[in-house]
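Step one of this worksheet: look at the structure below.
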Amino acid sequence: MSEHTLTVAGVTVDTRHWIGGERVASAGTFVDVSPIDGSVLGEIARGTAAEASAAVAAARAAFPGWAATPRAERARILHAVADAVEKRIEDLSIVETHDNGALLRSHRRGVMPRVAHNFRFFADRLVDLGHDDFDTRGHTNHVSWDPAGPCVLITPWNAPLMLATWKIAPALAAGNTVILKPAEWSPLTASLFADIAAEAGLPAGVLNVVQGYGAEAGNALVSHLDVRRISFTGSVPTAKTIAAAAAANLVPASFELGGKSPLLVFADADLDLAVDLAVEQYDNAGQVCLAATRILVEETIAQEFTRRFTEKASALRQGDPRDETTDIGPNIHTRQLEKIDGFVQRALAAGARAVIGGRRGEGQYYAPTLLTDVAQDSEIVQEEVFGPVLTLQTFTDEDEAVRLANDTRFGLAATVATGDRGRAARVTDRLVAGTVWVNCFFVRDLQAPFGGSRHSGVGREGGTWSFDFYCDLKNTVTAPKGWRDHG
């Protein structure tokens, strides 16, 4: 074992950056801590402007060759990456569970298989991507999807590798090269993935990984003159900083930001289904941007809904995420835990009532919480907590339900529980959200557009929308005249 590697439950991970197909150390490091028990996983190379610049240079150097690689060959390599990921699902699952505290069973059964699917989907989509030709007064218009260049991708800590590859796969499929900056609280699977991708045949410099702590590396990346696309998932304040840097260089940027999504439960809904949907919002210890954290229930069924919800939520098992019987694991970091508790304690001080929870547990665990008696303009209703904290409010009719649902600065998602198809159509038409689920939650197809409205984001990803972002579309107009016959 070298000084630049660490071992997580038998899985070896390199702690250095991955730049130009080589491991690169830094003068400084930062500590990576497991949220499961607070143990130190290791010292991670701390990137600076120097490493950021080196990664962009490597991506720029690799770009012409990768962009010129025929589509079928790029697709073949991306499928090979997916094959390699599938062979390492167990290793990736173990490392990510230790690094970010999400359930091991979820990583094994859903999250890591989705990582492989991200590459397969966009590889196949690349091959099928049309060159749309059309006629204008005898002139031929030929539309082509040209690679844009080096792309900076900055990703969050709540589903580190899945969300990273949700950006990496279409960027690479489009013919771009990538500089990934993973979240400082969960960097390990990005590093492990770099080795996996290289072993699968991804050329040197096509994917680069720069680890950072604080803003130094990130600021250097998003302000670099050779960067052609920026995609960020994270907080609104950070997005504003990135947007300013991107604007200075006129670099297109895509943002997937926070949410404060509603779950609307009407009296005609299947109540057991509605309760199941509400309890599901505690998934990943509430660290899901799409979570419907504001439960809005029709007044006539509120008491019965609350009773059933309390019974079901109280049966959730909170504990070690490596245990198959655990339903809710820890929160990612002590700073995040303090933030969550701050929201709850301020809400309680302002008159909210905790139906369940409302307190910290031992270590980095926060009890699943439901707060009632909350005002619409209160902090707990308006701001994203990003923890296992839900609020419950009531409404009397559709108009009030929609008004309450739309009354935040966010617009990422919404969920509707109703037994009336007409009502479902009326309500969903009026909701401000990038995704609306009716009588279901978290059903995602990579063909569909994904993104948020208002402060929940800018742009859409998924399907052809990803290629729209990661490509420069070019239209070539050719006249029918002026040709010489050289035959």
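Scheme for the structure tokens: letters A, B, ... for chains in order shown; per-chain residue numbers from 1; ligand numbers from 1 in order shown.
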Within 10 Å of stretch 386-402 of chain A, which residues of stretch 229-271 of chain A come that close, and what is the closest atom pair and distance in Å for each? Count only C-alpha atoms and give it as a tab-separated table.
```
residue	atom	partner	partner_atom	distance
A:Gly258	CA	A:Phe386	CA	8.8
A:Gly259	CA	A:Phe386	CA	8.9
A:Lys260	CA	A:Phe386	CA	9.2
A:Pro262	CA	A:Val402	CA	9.6
A:Leu263	CA	A:Leu392	CA	9.5
A:Leu264	CA	A:Ala401	CA	6.9
A:Val265	CA	A:Ala401	CA	9.0
A:Phe266	CA	A:Glu398	CA	8.5
A:Ala267	CA	A:Asp397	CA	9.8
```
Please produce a file of those selected residues containing N, CA and C atoms, as an mmCIF file, in the first residue's frame.
```
data_model
loop_
_atom_site.group_PDB
_atom_site.id
_atom_site.type_symbol
_atom_site.label_atom_id
_atom_site.label_comp_id
_atom_site.auth_asym_id
_atom_site.auth_seq_id
_atom_site.Cartn_x
_atom_site.Cartn_y
_atom_site.Cartn_z
ATOM 1 N N GLY A 258 -31.381 23.449 -6.198
ATOM 2 C CA GLY A 258 -32.159 22.925 -5.086
ATOM 3 C C GLY A 258 -33.636 22.781 -5.390
ATOM 4 N N GLY A 259 -34.328 22.243 -4.424
ATOM 5 C CA GLY A 259 -35.772 22.083 -4.552
ATOM 6 C C GLY A 259 -36.463 22.242 -3.211
ATOM 7 N N LYS A 260 -37.719 22.540 -3.278
ATOM 8 C CA LYS A 260 -38.599 22.560 -2.106
ATOM 9 C C LYS A 260 -39.942 22.043 -2.581
ATOM 10 N N PRO A 262 -43.421 20.049 -3.524
ATOM 11 C CA PRO A 262 -44.632 19.686 -2.798
ATOM 12 C C PRO A 262 -45.134 18.288 -3.151
ATOM 13 N N LEU A 263 -45.830 17.685 -2.208
ATOM 14 C CA LEU A 263 -46.637 16.490 -2.437
ATOM 15 C C LEU A 263 -48.068 16.871 -2.122
ATOM 16 N N LEU A 264 -48.916 16.895 -3.155
ATOM 17 C CA LEU A 264 -50.317 17.285 -2.986
ATOM 18 C C LEU A 264 -51.161 16.028 -2.832
ATOM 19 N N VAL A 265 -51.854 15.905 -1.707
ATOM 20 C CA VAL A 265 -52.675 14.732 -1.430
ATOM 21 C C VAL A 265 -54.135 15.165 -1.367
ATOM 22 N N PHE A 266 -54.912 14.729 -2.355
ATOM 23 C CA PHE A 266 -56.327 15.090 -2.403
ATOM 24 C C PHE A 266 -57.171 14.015 -1.723
ATOM 25 N N ALA A 267 -58.368 14.408 -1.316
ATOM 26 C CA ALA A 267 -59.241 13.508 -0.555
ATOM 27 C C ALA A 267 -59.637 12.278 -1.350
#
```
Sorted per-residue table, stretch 325-400 of chain A near stretch 155-174 of chain A, closest atoms and distance, 12 Å, only C-alpha atoms, as a Markdown table:
```
| residue | atom | partner | partner_atom | distance |
| --- | --- | --- | --- | --- |
| A:Pro330 | CA | A:Asn158 | CA | 11.5 |
| A:Asn331 | CA | A:Asn158 | CA | 9.4 |
| A:Ile332 | CA | A:Asn158 | CA | 7.8 |
| A:His333 | CA | A:Trp157 | CA | 10.2 |
| A:Gln336 | CA | A:Trp157 | CA | 11.4 |
| A:Phe386 | CA | A:Asn158 | CA | 9.7 |
| A:Gly387 | CA | A:Asn158 | CA | 10.8 |
```
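Nearest residue to A:Gly38 among A:Glu362, A:Val279, A:Thr306, A:Ile295 is A:Glu362, counting only C-alpha atoms.
With only C-alpha atoms as the atoms that count, the minimum distance from A:Thr238 to the choices A:Gly214, A:Pro252, A:Gly434, A:Pro64 is reached by A:Gly214.
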Requested in this report: Using backbone DSSP assignments, extract all alpha helix (DSSP H) residues from stretch 6-186 of chain A; output them as a ChimeraX atom specification.
Outcome: /A:49-68,71-87,89-100,104-106,112-128,160-173
Write out as a PDB file with all heavy atoms, in the first residue's frame which residues come within 8 Å of stretch 105-111 of chain A when counting only C-alpha atoms, dropping same-chain ones fewer than 3 positions away.
```pdb
ATOM      1  N   ILE A  89     -19.388  -3.307  -9.517  1.00  0.00           N
ATOM      2  CA  ILE A  89     -20.525  -2.751  -8.780  1.00  0.00           C
ATOM      3  C   ILE A  89     -20.358  -2.920  -7.277  1.00  0.00           C
ATOM      4  O   ILE A  89     -20.627  -2.005  -6.497  1.00  0.00           O
ATOM      5  CB  ILE A  89     -21.858  -3.358  -9.267  1.00  0.00           C
ATOM      6  CG1 ILE A  89     -22.299  -2.666 -10.566  1.00  0.00           C
ATOM      7  CG2 ILE A  89     -22.964  -3.215  -8.200  1.00  0.00           C
ATOM      8  CD1 ILE A  89     -23.573  -3.208 -11.163  1.00  0.00           C
ATOM      9  N   GLU A  90     -19.903  -4.073  -6.853  1.00  0.00           N
ATOM     10  CA  GLU A  90     -19.754  -4.305  -5.422  1.00  0.00           C
ATOM     11  C   GLU A  90     -18.704  -3.367  -4.827  1.00  0.00           C
ATOM     12  O   GLU A  90     -18.919  -2.764  -3.764  1.00  0.00           O
ATOM     13  CB  GLU A  90     -19.373  -5.761  -5.148  1.00  0.00           C
ATOM     14  CG  GLU A  90     -19.246  -6.103  -3.667  1.00  0.00           C
ATOM     15  CD  GLU A  90     -20.563  -6.042  -2.903  1.00  0.00           C
ATOM     16  OE1 GLU A  90     -21.629  -5.921  -3.545  1.00  0.00           O
ATOM     17  OE2 GLU A  90     -20.519  -6.105  -1.650  1.00  0.00           O
ATOM     18  N   SER A  93     -20.031   0.176  -4.763  1.00  0.00           N
ATOM     19  CA  SER A  93     -21.091   0.305  -3.747  1.00  0.00           C
ATOM     20  C   SER A  93     -20.496   0.418  -2.351  1.00  0.00           C
ATOM     21  O   SER A  93     -20.905   1.270  -1.549  1.00  0.00           O
ATOM     22  CB  SER A  93     -22.036  -0.897  -3.818  1.00  0.00           C
ATOM     23  OG  SER A  93     -22.676  -0.966  -5.076  1.00  0.00           O
ATOM     24  N   GLU A  96     -18.708   3.887  -1.936  1.00  0.00           N
ATOM     25  CA  GLU A  96     -19.609   5.046  -1.842  1.00  0.00           C
ATOM     26  C   GLU A  96     -20.428   5.021  -0.556  1.00  0.00           C
ATOM     27  O   GLU A  96     -20.688   6.074   0.034  1.00  0.00           O
ATOM     28  CB  GLU A  96     -20.524   5.126  -3.061  1.00  0.00           C
ATOM     29  CG  GLU A  96     -21.273   6.449  -3.133  1.00  0.00           C
ATOM     30  CD  GLU A  96     -21.526   6.898  -4.556  1.00  0.00           C
ATOM     31  OE1 GLU A  96     -20.555   7.188  -5.272  1.00  0.00           O
ATOM     32  OE2 GLU A  96     -22.702   6.967  -4.929  1.00  0.00           O
ATOM     33  N   THR A  97     -20.822   3.858  -0.092  1.00  0.00           N
ATOM     34  CA  THR A  97     -21.553   3.791   1.171  1.00  0.00           C
ATOM     35  C   THR A  97     -20.692   4.295   2.323  1.00  0.00           C
ATOM     36  O   THR A  97     -21.159   5.055   3.180  1.00  0.00           O
ATOM     37  CB  THR A  97     -22.020   2.352   1.451  1.00  0.00           C
ATOM     38  OG1 THR A  97     -23.071   2.024   0.529  1.00  0.00           O
ATOM     39  CG2 THR A  97     -22.550   2.204   2.872  1.00  0.00           C
ATOM     40  N   ALA A 102     -24.955   6.583   2.190  1.00  0.00           N
ATOM     41  CA  ALA A 102     -26.194   6.070   1.607  1.00  0.00           C
ATOM     42  C   ALA A 102     -26.253   4.548   1.751  1.00  0.00           C
ATOM     43  O   ALA A 102     -25.230   3.879   1.937  1.00  0.00           O
ATOM     44  CB  ALA A 102     -26.296   6.473   0.142  1.00  0.00           C
ATOM     45  N   ARG A 114     -27.332   1.955 -12.365  1.00  0.00           N
ATOM     46  CA  ARG A 114     -27.700   3.153 -13.128  1.00  0.00           C
ATOM     47  C   ARG A 114     -26.455   3.839 -13.693  1.00  0.00           C
ATOM     48  O   ARG A 114     -26.496   4.420 -14.783  1.00  0.00           O
ATOM     49  CB  ARG A 114     -28.483   4.107 -12.227  1.00  0.00           C
ATOM     50  CG  ARG A 114     -28.637   5.529 -12.728  1.00  0.00           C
ATOM     51  CD  ARG A 114     -29.478   5.685 -13.974  1.00  0.00           C
ATOM     52  NE  ARG A 114     -29.404   7.066 -14.436  1.00  0.00           N
ATOM     53  CZ  ARG A 114     -30.177   8.049 -13.999  1.00  0.00           C
ATOM     54  NH1 ARG A 114     -31.109   7.795 -13.078  1.00  0.00           N
ATOM     55  NH2 ARG A 114     -30.041   9.276 -14.462  1.00  0.00           N
ATOM     56  N   VAL A 115     -25.326   3.777 -12.993  1.00  0.00           N
ATOM     57  CA  VAL A 115     -24.080   4.342 -13.520  1.00  0.00           C
ATOM     58  C   VAL A 115     -23.746   3.699 -14.857  1.00  0.00           C
ATOM     59  O   VAL A 115     -23.434   4.381 -15.842  1.00  0.00           O
ATOM     60  CB  VAL A 115     -22.925   4.144 -12.517  1.00  0.00           C
ATOM     61  CG1 VAL A 115     -21.580   4.467 -13.165  1.00  0.00           C
ATOM     62  CG2 VAL A 115     -23.140   5.018 -11.287  1.00  0.00           C
ATOM     63  N   ALA A 159     -25.383  11.703  -4.341  1.00  0.00           N
ATOM     64  CA  ALA A 159     -25.317  10.484  -5.170  1.00  0.00           C
ATOM     65  C   ALA A 159     -24.117  10.667  -6.089  1.00  0.00           C
ATOM     66  O   ALA A 159     -24.255  10.864  -7.294  1.00  0.00           O
ATOM     67  CB  ALA A 159     -26.598  10.298  -5.974  1.00  0.00           C
ATOM     68  N   MET A 162     -23.317   8.390  -9.552  1.00  0.00           N
ATOM     69  CA  MET A 162     -24.448   8.370 -10.469  1.00  0.00           C
ATOM     70  C   MET A 162     -24.655   9.742 -11.094  1.00  0.00           C
ATOM     71  O   MET A 162     -24.840   9.877 -12.311  1.00  0.00           O
ATOM     72  CB  MET A 162     -25.716   7.910  -9.740  1.00  0.00           C
ATOM     73  CG  MET A 162     -26.891   7.635 -10.676  1.00  0.00           C
ATOM     74  SD  MET A 162     -27.866   9.110 -11.041  1.00  0.00           S
ATOM     75  CE  MET A 162     -28.772   9.285  -9.504  1.00  0.00           C
ATOM     76  N   ARG A 322     -24.798  -0.087   6.054  1.00  0.00           N
ATOM     77  CA  ARG A 322     -24.308  -1.363   5.526  1.00  0.00           C
ATOM     78  C   ARG A 322     -25.216  -2.521   5.904  1.00  0.00           C
ATOM     79  O   ARG A 322     -25.106  -3.615   5.328  1.00  0.00           O
ATOM     80  CB  ARG A 322     -22.890  -1.610   6.052  1.00  0.00           C
ATOM     81  CG  ARG A 322     -21.875  -0.584   5.561  1.00  0.00           C
ATOM     82  CD  ARG A 322     -20.582  -0.645   6.340  1.00  0.00           C
ATOM     83  NE  ARG A 322     -20.760  -0.259   7.752  1.00  0.00           N
ATOM     84  CZ  ARG A 322     -19.775  -0.065   8.602  1.00  0.00           C
ATOM     85  NH1 ARG A 322     -18.508  -0.220   8.198  1.00  0.00           N
ATOM     86  NH2 ARG A 322     -20.009   0.279   9.857  1.00  0.00           N
ATOM     87  N   GLU A 324     -28.564  -4.565   5.884  1.00  0.00           N
ATOM     88  CA  GLU A 324     -29.658  -4.745   4.918  1.00  0.00           C
ATOM     89  C   GLU A 324     -31.011  -4.293   5.465  1.00  0.00           C
ATOM     90  O   GLU A 324     -31.915  -3.982   4.709  1.00  0.00           O
ATOM     91  CB  GLU A 324     -29.745  -6.220   4.500  1.00  0.00           C
ATOM     92  CG  GLU A 324     -28.772  -6.616   3.422  1.00  0.00           C
ATOM     93  CD  GLU A 324     -29.209  -6.172   2.034  1.00  0.00           C
ATOM     94  OE1 GLU A 324     -30.393  -6.303   1.696  1.00  0.00           O
ATOM     95  OE2 GLU A 324     -28.343  -5.688   1.282  1.00  0.00           O
TER      96      GLU A 324
END
```
Report task. Find the spatial neighbours of A:Asp272, counting only C-alpha atoms, within a cut-off of 9 Å - ignore same-chain residues fewer than 4 positions away - and output them as a VMD selection string. Result -> chain A and resid 276 to 277 305 308 to 309
Requested in this report: Write out as number ranges by chain all residues of stretch 121-345 of chain A that backbone DSSP assigns to strand (DSSP E).
Outcome: A: 133-136, 139-147, 151-154, 178-181, 207-209, 229-233, 253-256, 262-265, 294-298
